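Q: One file is attached below, target15.tsv, containing TSV, C-alpha atoms.
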chain	number	residue	atom	x	y	z
A	60	ALA	CA	-5.97	13.26	-7.69
A	61	GLN	CA	-4.69	13.09	-4.19
A	62	THR	CA	-0.98	12.86	-3.56
A	63	VAL	CA	1.04	11.69	-0.61
A	64	THR	CA	4.48	13.18	-0.03
A	65	GLN	CA	7.21	11.77	2.16
A	66	SER	CA	10.03	14.29	2.05
A	67	GLN	CA	12.69	12.17	3.75
A	68	PRO	CA	13.97	9.39	1.46
A	69	GLU	CA	16.30	8.06	4.16
A	70	MET	CA	16.74	8.52	7.90
A	71	SER	CA	18.78	6.95	10.64
A	72	VAL	CA	18.40	6.83	14.40
A	73	GLN	CA	20.39	5.43	17.28
A	74	GLU	CA	18.90	2.47	19.09
A	75	ALA	CA	16.64	3.58	21.98
A	76	GLU	CA	16.29	7.09	20.57
A	77	THR	CA	13.20	8.73	19.08
A	78	VAL	CA	12.66	9.51	15.40
A	79	THR	CA	9.88	11.26	13.49
A	80	LEU	CA	8.97	10.49	9.89
A	81	SER	CA	7.10	13.15	7.92
A	82	CYS	CA	4.11	12.80	5.63
A	83	THR	CA	1.93	15.38	3.95
A	84	TYR	CA	-1.01	14.81	1.67
A	85	ASP	CA	-3.16	16.79	-0.65
A	86	THR	CA	-6.92	16.40	-0.80
A	87	SER	CA	-10.12	18.39	-0.97
A	88	GLU	CA	-12.02	15.67	0.87
A	89	ASN	CA	-13.14	16.01	4.47
A	90	ASN	CA	-13.54	12.32	5.26
A	91	TYR	CA	-10.58	10.04	4.70
A	92	TYR	CA	-8.23	7.69	6.46
A	93	LEU	CA	-4.50	7.63	6.95
A	94	PHE	CA	-2.13	4.75	7.59
A	95	TRP	CA	1.53	4.06	8.19
A	96	TYR	CA	2.85	0.78	6.84
A	97	LYS	CA	6.23	-0.81	7.48
A	98	GLN	CA	8.09	-2.91	4.89
A	99	PRO	CA	11.08	-4.77	6.35
A	100	PRO	CA	13.71	-6.44	4.13
A	101	SER	CA	11.36	-9.41	3.71
A	102	ARG	CA	9.16	-6.98	1.72
A	103	GLN	CA	6.04	-8.00	3.63
A	104	MET	CA	3.84	-4.92	4.21
A	105	ILE	CA	2.77	-4.55	7.83
A	106	LEU	CA	0.31	-2.03	9.23
A	107	VAL	CA	1.86	0.15	11.93
A	108	ILE	CA	-0.91	2.59	12.80
A	109	ARG	CA	-4.09	4.15	11.41
A	110	GLN	CA	-5.95	7.45	11.88
A	111	GLU	CA	-9.48	8.47	10.93
A	112	ALA	CA	-9.63	12.08	9.76
A	113	TYR	CA	-12.75	12.84	11.79
A	114	LYS	CA	-10.96	11.97	15.02
A	115	GLN	CA	-9.02	14.79	16.63
A	116	GLN	CA	-7.14	12.53	19.01
A	117	ASN	CA	-3.82	11.26	17.70
A	118	ALA	CA	-3.56	7.49	17.34
A	119	THR	CA	-1.05	5.56	19.45
A	120	GLU	CA	0.15	1.96	19.23
A	121	ASN	CA	2.76	1.09	21.85
A	122	ARG	CA	5.99	2.83	20.76
A	123	PHE	CA	4.36	4.31	17.65
A	124	SER	CA	2.31	7.49	17.64
A	125	VAL	CA	1.17	10.01	15.09
A	126	ASN	CA	0.88	13.77	14.98
A	127	PHE	CA	-2.17	14.41	12.83
A	128	GLN	CA	-2.64	18.02	11.79
A	129	LYS	CA	-5.74	18.08	9.58
A	130	ALA	CA	-5.60	21.75	8.63
A	131	ALA	CA	-1.98	21.43	7.62
A	132	LYS	CA	-2.63	18.05	5.95
A	133	SER	CA	0.22	16.53	7.87
A	134	PHE	CA	0.50	13.04	9.33
A	135	SER	CA	3.89	12.33	10.92
A	136	LEU	CA	4.93	9.10	12.62
A	137	LYS	CA	6.95	9.10	15.83
A	138	ILE	CA	8.84	5.99	16.86
A	139	SER	CA	10.00	6.00	20.47
A	140	ASP	CA	12.69	3.78	21.97
A	141	SER	CA	13.80	2.68	18.50
A	142	GLN	CA	14.73	-0.98	18.13
A	143	LEU	CA	16.86	-2.77	15.56
A	144	GLY	CA	13.74	-4.49	14.28
A	145	ASP	CA	12.30	-1.11	13.31
A	146	THR	CA	14.77	-0.95	10.41
A	147	ALA	CA	12.52	-0.90	7.34
A	148	MET	CA	10.87	1.19	4.65
A	149	TYR	CA	7.96	3.17	6.04
A	150	PHE	CA	5.08	4.18	3.80
A	151	CYS	CA	2.41	6.74	4.51
A	152	ALA	CA	-0.95	5.90	2.88
A	153	PHE	CA	-4.17	7.81	2.25
A	154	MET	CA	-7.57	6.26	1.66
A	155	LYS	CA	-10.71	7.94	0.48
A	156	HIS	CA	-14.04	6.93	-0.94
A	157	VAL	CA	-14.30	7.16	-4.71
A	158	HIS	CA	-17.75	8.18	-5.88
A	159	SER	CA	-17.92	6.07	-9.02
A	160	GLY	CA	-19.16	2.70	-10.17
A	161	ALA	CA	-19.93	0.40	-7.29
A	162	GLY	CA	-18.23	2.79	-4.94
A	163	SER	CA	-14.85	1.90	-3.62
A	164	TYR	CA	-11.96	3.07	-1.51
A	165	GLN	CA	-8.80	4.09	-3.29
A	166	LEU	CA	-5.61	3.61	-1.30
A	167	THR	CA	-2.62	5.76	-2.32
A	168	PHE	CA	0.92	5.50	-0.97
A	169	GLY	CA	3.85	7.87	-0.65
A	170	LYS	CA	7.31	7.00	-1.96
A	171	GLY	CA	8.53	5.82	1.41
A	172	THR	CA	11.23	6.62	3.95
A	173	LYS	CA	14.04	4.15	4.51
A	174	LEU	CA	14.74	4.04	8.24
A	175	SER	CA	17.93	2.53	9.63
A	176	VAL	CA	18.29	1.91	13.37
A	177	ILE	CA	21.93	1.99	14.38
A	178	PRO	CA	23.17	-0.15	17.28
B	5	ASP	CA	-4.46	-20.15	7.71
B	6	GLY	CA	-6.20	-17.04	6.36
B	7	GLY	CA	-4.27	-14.72	4.15
B	8	ILE	CA	-3.34	-13.51	0.71
B	9	THR	CA	-1.26	-15.68	-1.58
B	10	GLN	CA	0.64	-14.37	-4.54
B	11	SER	CA	2.28	-16.75	-6.92
B	12	PRO	CA	4.86	-17.26	-8.13
B	13	LYS	CA	7.37	-15.40	-5.94
B	14	TYR	CA	9.76	-14.94	-8.88
B	15	LEU	CA	8.75	-14.84	-12.53
B	16	PHE	CA	10.86	-14.51	-15.64
B	17	ARG	CA	9.46	-13.78	-19.08
B	18	LYS	CA	10.74	-12.86	-22.47
B	19	GLU	CA	10.01	-9.44	-23.85
B	20	GLY	CA	6.80	-9.32	-25.85
B	21	GLN	CA	5.03	-12.08	-23.93
B	22	ASN	CA	1.96	-11.56	-21.81
B	23	VAL	CA	2.19	-12.87	-18.26
B	24	THR	CA	-0.42	-13.33	-15.54
B	25	LEU	CA	0.28	-12.87	-11.84
B	26	SER	CA	-1.94	-14.72	-9.41
B	27	CYS	CA	-3.53	-13.27	-6.27
B	28	GLU	CA	-5.84	-15.35	-4.08
B	29	GLN	CA	-7.31	-14.48	-0.68
B	30	ASN	CA	-9.36	-16.52	1.78
B	31	LEU	CA	-10.16	-13.62	4.09
B	32	ASN	CA	-13.62	-13.07	2.56
B	33	HIS	CA	-12.59	-9.51	1.66
B	34	ASP	CA	-14.58	-7.62	-0.93
B	35	ALA	CA	-11.93	-5.14	-2.06
B	36	MET	CA	-8.70	-6.11	-3.80
B	37	TYR	CA	-5.81	-4.01	-5.12
B	38	TRP	CA	-2.75	-4.35	-7.34
B	39	TYR	CA	0.35	-2.20	-6.81
B	40	ARG	CA	3.65	-1.91	-8.56
B	41	GLN	CA	6.77	-1.10	-6.52
B	42	ASP	CA	9.92	0.34	-8.07
B	43	PRO	CA	12.97	1.66	-6.20
B	44	GLY	CA	12.35	5.26	-5.14
B	45	GLN	CA	8.77	5.21	-6.44
B	46	GLY	CA	6.89	3.70	-3.55
B	47	LEU	CA	3.73	1.77	-4.32
B	48	ARG	CA	1.75	2.85	-7.35
B	49	LEU	CA	-1.83	1.70	-7.85
B	50	ILE	CA	-2.51	-0.30	-11.01
B	51	TYR	CA	-6.09	-1.54	-10.59
B	52	TYR	CA	-8.56	-2.06	-7.76
B	53	SER	CA	-11.85	-3.85	-7.34
B	54	GLN	CA	-14.61	-3.40	-4.80
B	55	ILE	CA	-16.86	-6.29	-5.81
B	56	VAL	CA	-16.98	-9.21	-8.20
B	57	ASN	CA	-17.19	-8.28	-11.88
B	58	ASP	CA	-16.27	-4.66	-11.22
B	59	PHE	CA	-12.87	-2.94	-11.17
B	60	GLN	CA	-11.38	0.51	-11.68
B	61	LYS	CA	-8.14	1.79	-13.15
B	62	GLY	CA	-5.55	3.18	-10.81
B	63	ASP	CA	-2.78	5.64	-11.60
B	64	ILE	CA	-0.72	3.42	-13.91
B	65	ALA	CA	-3.19	1.02	-15.58
B	66	GLU	CA	-1.76	1.27	-19.11
B	67	GLY	CA	-0.33	-2.04	-20.28
B	68	TYR	CA	-2.13	-4.04	-17.59
B	69	SER	CA	-5.45	-5.85	-17.38
B	70	VAL	CA	-7.37	-7.55	-14.58
B	71	SER	CA	-10.45	-9.65	-13.99
B	72	ARG	CA	-12.61	-10.30	-10.94
B	73	GLU	CA	-14.73	-13.33	-11.71
B	74	LYS	CA	-14.54	-14.66	-8.15
B	75	LYS	CA	-14.44	-12.84	-4.84
B	76	GLU	CA	-11.26	-14.56	-3.74
B	77	SER	CA	-9.26	-14.07	-6.94
B	78	PHE	CA	-7.88	-10.96	-8.69
B	79	PRO	CA	-5.31	-11.93	-11.35
B	80	LEU	CA	-3.20	-9.28	-13.04
B	81	THR	CA	-2.03	-9.66	-16.65
B	82	VAL	CA	1.03	-7.73	-17.72
B	83	THR	CA	0.68	-7.30	-21.46
B	84	SER	CA	3.31	-6.71	-24.12
B	85	ALA	CA	2.09	-3.10	-24.25
B	86	GLN	CA	3.63	-2.41	-20.84
B	87	LYS	CA	6.90	-0.69	-21.73
B	88	ASN	CA	8.84	-1.43	-18.57
B	89	PRO	CA	7.27	-4.42	-16.82
B	90	THR	CA	10.21	-5.47	-14.65
B	91	ALA	CA	9.15	-4.63	-11.09
B	92	PHE	CA	7.91	-5.97	-7.77
B	93	TYR	CA	4.12	-6.45	-7.75
B	94	LEU	CA	2.01	-6.44	-4.60
B	95	CYS	CA	-1.58	-7.54	-4.21
B	96	ALA	CA	-3.74	-6.42	-1.28
B	97	SER	CA	-7.25	-6.93	0.01
B	98	ARG	CA	-9.43	-5.31	2.64
B	99	HIS	CA	-12.73	-5.84	4.35
B	100	THR	CA	-15.25	-3.17	3.41
B	101	GLY	CA	-17.54	-3.56	6.40
B	102	GLY	CA	-15.62	-0.92	8.31
B	103	VAL	CA	-14.43	2.10	6.38
B	104	SER	CA	-11.15	2.45	8.21
B	105	THR	CA	-10.08	-1.16	7.92
B	106	GLU	CA	-6.57	-1.63	6.68
B	107	ALA	CA	-5.37	-3.46	3.60
B	108	PHE	CA	-3.60	-6.80	4.00
B	109	PHE	CA	-0.83	-7.59	1.56
B	110	GLY	CA	0.54	-10.67	-0.12
B	111	GLN	CA	4.25	-11.36	-0.19
B	112	GLY	CA	4.67	-10.05	-3.71
B	113	THR	CA	5.86	-11.29	-7.09
B	114	ARG	CA	9.13	-10.16	-8.57
B	115	LEU	CA	8.70	-10.03	-12.36
B	116	THR	CA	11.77	-9.84	-14.56
B	117	VAL	CA	11.41	-9.40	-18.30
B	118	VAL	CA	14.47	-10.24	-20.39
Show me the file's structure as structure tokens.

A:
Amino acid sequence: AQTVTQSQPEMSVQEAETVTLSCTYDTSENNYYLFWYKQPPSRQMILVIRQEAYKQQNATENRFSVNFQKAAKSFSLKISDSQLGDTAMYFCAFMKHVHSGAGSYQLTFGKGTKLSVIP
Amino acid sequence: DGGITQSPKYLFRKEGQNVTLSCEQNLNHDAMYWYRQDPGQGLRLIYYSQIVNDFQKGDIAEGYSVSREKKESFPLTVTSAQKNPTAFYLCASRHTGGVSTEAFFGQGTRLTVV
């Protein structure tokens, strides 16, 4: 079974500063997909950014970017110019194709990092 | 509006009773997922389904059951065999046309067993 590890249970950052959240995963697969989700206090899960493993270029979405190191099985999230609205739980997620039954994609999450942006 | 609806938002049950959590989506997604969220545990996969009338166990399926009789519905039953059912439950769905498409989530159901 694949596992997703987020080694930082909690982090804080000053408003307008940059912060990096870590994520490592364990898999023997070559084709898979990685995501970062945000869960604010409302508990609604929101997609932040995605990365296909076959793409070497790191994904970027406005202030959010990733550092994808396939050989190291690392997928960190960098938030630039942090804003108060970035305060949330952040979950790293791994998706791979499961070769059974009708064929499906299993989506596994890490335990999350609680990020606090300080004014 | 398109989306995923979980109901109810809060649910209270007595110990020993089965309870069913509803998840409905009108996004025409094929795949649906159920997760359990506990403090410090992240999201743990209970069951998932790729197509109607087919579903697979996730990492913590014991004490739970599901059905997928319709594409838009994926109800989760928490049975009396689940030893610690009090938790926040999240349902998700995704389109399977593109392999990297993300999952969309409902707003969750907070189940409390007393």

Q: Could you check how far CA of Thr167 (chain A) sits from CA of Gly110 (chain B), in Å to one decimal?

A: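 One can read the CA of Thr167 (chain A) to CA of Gly110 (chain B) distance as 16.9 Å.
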
Q: Might you pull out every residue within 10 Å of Lys75 (chain B), with all atoms listed in the file counted and same-chain residues fewer than 2 positions away left off, and present them as a list in words?

A: Glu28, Gln29, Asn30, Leu31, Asn32, His33, Asp34, Ala35, Met36, Ser53, Gln54, Ile55, Val56, Asn57, Arg72, Glu73, Ser77 and Phe78 of chain B

Q: Give me, please, the distance in Å between CA of Phe153 (chain A) and CA of Phe94 (chain A), quoted to one decimal.

A: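 So the answer is 6.5 Å.
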
Q: Between B:Val117, B:Asp42, B:Tyr37, B:Ser84, which one has atoms that come closest to Lys61 (chain B), using all atoms listed in the file?

A: B:Tyr37

Q: Show me, as AutoDock Vina command-line options, the centre and edge lengths in Å to one decimal of the axis-aligned box that covers every listed atom of region 89-93 of chain A with 3 Å on each side.

A:
--center_x -9.0 --center_y 11.8 --center_z 5.7 --size_x 15.0 --size_y 14.4 --size_z 8.5

Q: With all atoms listed in the file as the basis for distance, which of B:Tyr68, B:Lys74, B:Asp63, B:Cys27 is at the shortest distance from Leu47 (chain B)?

A: B:Asp63

Q: Residues of chain A within 8 Å of chain B, using all atoms listed in the file, as a ChimeraX atom specification?

A: /A:68,92,94,102-106,109,111,150,160-171

Q: Would you list the residues near (-4.0, 20.2, 0.9), meaning any protein, DNA or RNA residue with an atom at most 6 Å from that point in file coordinates, counting all atoms listed in the file, as a compact mmCIF listing (two decimals) with C-alpha atoms, in the frame of the given file?

A:
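out_31.txt, freshly written:
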# COMPACT_ATOMS: atom_id res chain seq x y z
CA ASP A 85 -3.16 16.79 -0.65
CA THR A 86 -6.92 16.40 -0.80
CA LYS A 132 -2.63 18.05 5.95

Q: List as a PyMOL selection string: which residues have an atom within 9 Å of (-1.4, 2.3, 12.5), counting only C-alpha atoms?

A: (chain A and resi 93-96+106-110+118-120+123-125) or (chain B and resi 106)

Q: Counting only C-alpha atoms, what is within 10 Å of Lys13 (chain B), bar same-chain residues fewer than 4 positions away, as a ChimeraX atom specification?

A: /B:9,25-26,92-93,111-115

Q: Residues near Glu69 (chain A), anyone? I mean within 12 Å using only C-alpha atoms, not counting same-chain ones fewer than 3 positions away, as a VMD selection string.

A: (chain A and resid 65 to 66 72 78 to 81 146 to 150 170 to 176) or (chain B and resid 44)

Q: Any chance you can output those residues with C-alpha atoms as a PDB file, in the frame of the given file?

A:
ATOM      1  CA  GLN A  65       7.210  11.770   2.160  1.00  0.00           C
ATOM      2  CA  SER A  66      10.030  14.290   2.050  1.00  0.00           C
ATOM      3  CA  VAL A  72      18.400   6.830  14.400  1.00  0.00           C
ATOM      4  CA  VAL A  78      12.660   9.510  15.400  1.00  0.00           C
ATOM      5  CA  THR A  79       9.880  11.260  13.490  1.00  0.00           C
ATOM      6  CA  LEU A  80       8.970  10.490   9.890  1.00  0.00           C
ATOM      7  CA  SER A  81       7.100  13.150   7.920  1.00  0.00           C
ATOM      8  CA  THR A 146      14.770  -0.950  10.410  1.00  0.00           C
ATOM      9  CA  ALA A 147      12.520  -0.900   7.340  1.00  0.00           C
ATOM     10  CA  MET A 148      10.870   1.190   4.650  1.00  0.00           C
ATOM     11  CA  TYR A 149       7.960   3.170   6.040  1.00  0.00           C
ATOM     12  CA  PHE A 150       5.080   4.180   3.800  1.00  0.00           C
ATOM     13  CA  LYS A 170       7.310   7.000  -1.960  1.00  0.00           C
ATOM     14  CA  GLY A 171       8.530   5.820   1.410  1.00  0.00           C
ATOM     15  CA  THR A 172      11.230   6.620   3.950  1.00  0.00           C
ATOM     16  CA  LYS A 173      14.040   4.150   4.510  1.00  0.00           C
ATOM     17  CA  LEU A 174      14.740   4.040   8.240  1.00  0.00           C
ATOM     18  CA  SER A 175      17.930   2.530   9.630  1.00  0.00           C
ATOM     19  CA  VAL A 176      18.290   1.910  13.370  1.00  0.00           C
TER      20      VAL A 176
ATOM     21  CA  GLY B  44      12.350   5.260  -5.140  1.00  0.00           C
TER      22      GLY B  44
END

Q: I'd like the neighbourhood of Ala131 (chain A) as a PyMOL selection string, where a residue qualifies if any of its atoms comes within 10 Å (using all atoms listed in the file), though same-chain residues fewer than 2 positions away should be ignored.

A: chain A and resi 83-85+127-129+133-134

Q: Dump C-alpha atoms for the selected residues as a PDB file, in the coordinates of the input?

A:
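Output below, filename out12.pdb:
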ATOM      1  CA  THR A  83       1.930  15.380   3.950  1.00  0.00           C
ATOM      2  CA  TYR A  84      -1.010  14.810   1.670  1.00  0.00           C
ATOM      3  CA  ASP A  85      -3.160  16.790  -0.650  1.00  0.00           C
ATOM      4  CA  PHE A 127      -2.170  14.410  12.830  1.00  0.00           C
ATOM      5  CA  GLN A 128      -2.640  18.020  11.790  1.00  0.00           C
ATOM      6  CA  LYS A 129      -5.740  18.080   9.580  1.00  0.00           C
ATOM      7  CA  SER A 133       0.220  16.530   7.870  1.00  0.00           C
ATOM      8  CA  PHE A 134       0.500  13.040   9.330  1.00  0.00           C
TER       9      PHE A 134
END

Q: Any idea what the distance is between CA of Asp145 (chain A) and CA of Thr64 (chain A)?

A: 21.1 Å

Q: Please, can region 94-108 of chain A be completed to N, CA, C and O atoms and returned as an mmCIF file, in the coordinates of the input?

A:
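Writing the result to result-v8.cif gives the following:
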data_model
loop_
_atom_site.group_PDB
_atom_site.id
_atom_site.type_symbol
_atom_site.label_atom_id
_atom_site.label_comp_id
_atom_site.auth_asym_id
_atom_site.auth_seq_id
_atom_site.Cartn_x
_atom_site.Cartn_y
_atom_site.Cartn_z
ATOM 1 N N PHE A 94 -2.818 5.917 7.046
ATOM 2 C CA PHE A 94 -2.130 4.750 7.590
ATOM 3 C C PHE A 94 -0.624 4.930 7.480
ATOM 4 O O PHE A 94 -0.130 5.626 6.585
ATOM 5 N N TRP A 95 0.090 4.276 8.352
ATOM 6 C CA TRP A 95 1.530 4.060 8.190
ATOM 7 C C TRP A 95 1.756 2.550 8.099
ATOM 8 O O TRP A 95 1.283 1.793 8.957
ATOM 9 N N TYR A 96 2.474 2.159 7.030
ATOM 10 C CA TYR A 96 2.850 0.780 6.840
ATOM 11 C C TYR A 96 4.368 0.666 6.936
ATOM 12 O O TYR A 96 5.116 1.576 6.564
ATOM 13 N N LYS A 97 4.809 -0.494 7.386
ATOM 14 C CA LYS A 97 6.230 -0.810 7.480
ATOM 15 C C LYS A 97 6.533 -1.946 6.507
ATOM 16 O O LYS A 97 5.748 -2.903 6.392
ATOM 17 N N GLN A 98 7.653 -1.833 5.779
ATOM 18 C CA GLN A 98 8.090 -2.910 4.890
ATOM 19 C C GLN A 98 9.529 -3.275 5.229
ATOM 20 O O GLN A 98 10.468 -2.619 4.799
ATOM 21 N N PRO A 99 9.732 -4.336 6.010
ATOM 22 C CA PRO A 99 11.080 -4.770 6.350
ATOM 23 C C PRO A 99 11.753 -5.408 5.141
ATOM 24 O O PRO A 99 11.128 -5.511 4.078
ATOM 25 N N PRO A 100 13.002 -5.834 5.282
ATOM 26 C CA PRO A 100 13.710 -6.440 4.130
ATOM 27 C C PRO A 100 12.991 -7.634 3.522
ATOM 28 O O PRO A 100 13.192 -7.949 2.357
ATOM 29 N N SER A 101 12.150 -8.296 4.266
ATOM 30 C CA SER A 101 11.360 -9.410 3.710
ATOM 31 C C SER A 101 10.353 -8.935 2.675
ATOM 32 O O SER A 101 9.795 -9.748 1.928
ATOM 33 N N ARG A 102 10.077 -7.639 2.647
ATOM 34 C CA ARG A 102 9.160 -6.980 1.720
ATOM 35 C C ARG A 102 7.683 -7.217 2.050
ATOM 36 O O ARG A 102 6.802 -6.857 1.276
ATOM 37 N N GLN A 103 7.420 -7.829 3.195
ATOM 38 C CA GLN A 103 6.040 -8.000 3.630
ATOM 39 C C GLN A 103 5.538 -6.683 4.219
ATOM 40 O O GLN A 103 6.152 -6.120 5.108
ATOM 41 N N MET A 104 4.416 -6.179 3.720
ATOM 42 C CA MET A 104 3.840 -4.920 4.210
ATOM 43 C C MET A 104 3.081 -5.186 5.502
ATOM 44 O O MET A 104 2.219 -6.063 5.567
ATOM 45 N N ILE A 105 3.371 -4.372 6.511
ATOM 46 C CA ILE A 105 2.770 -4.550 7.830
ATOM 47 C C ILE A 105 2.167 -3.226 8.291
ATOM 48 O O ILE A 105 2.847 -2.199 8.257
ATOM 49 N N LEU A 106 0.936 -3.248 8.732
ATOM 50 C CA LEU A 106 0.310 -2.030 9.230
ATOM 51 C C LEU A 106 0.945 -1.641 10.564
ATOM 52 O O LEU A 106 1.086 -2.467 11.461
ATOM 53 N N VAL A 107 1.300 -0.363 10.680
ATOM 54 C CA VAL A 107 1.860 0.150 11.930
ATOM 55 C C VAL A 107 0.792 0.865 12.738
ATOM 56 O O VAL A 107 0.605 0.599 13.932
ATOM 57 N N ILE A 108 0.049 1.769 12.088
ATOM 58 C CA ILE A 108 -0.910 2.590 12.800
ATOM 59 C C ILE A 108 -1.886 3.211 11.806
ATOM 60 O O ILE A 108 -1.550 3.364 10.632
#
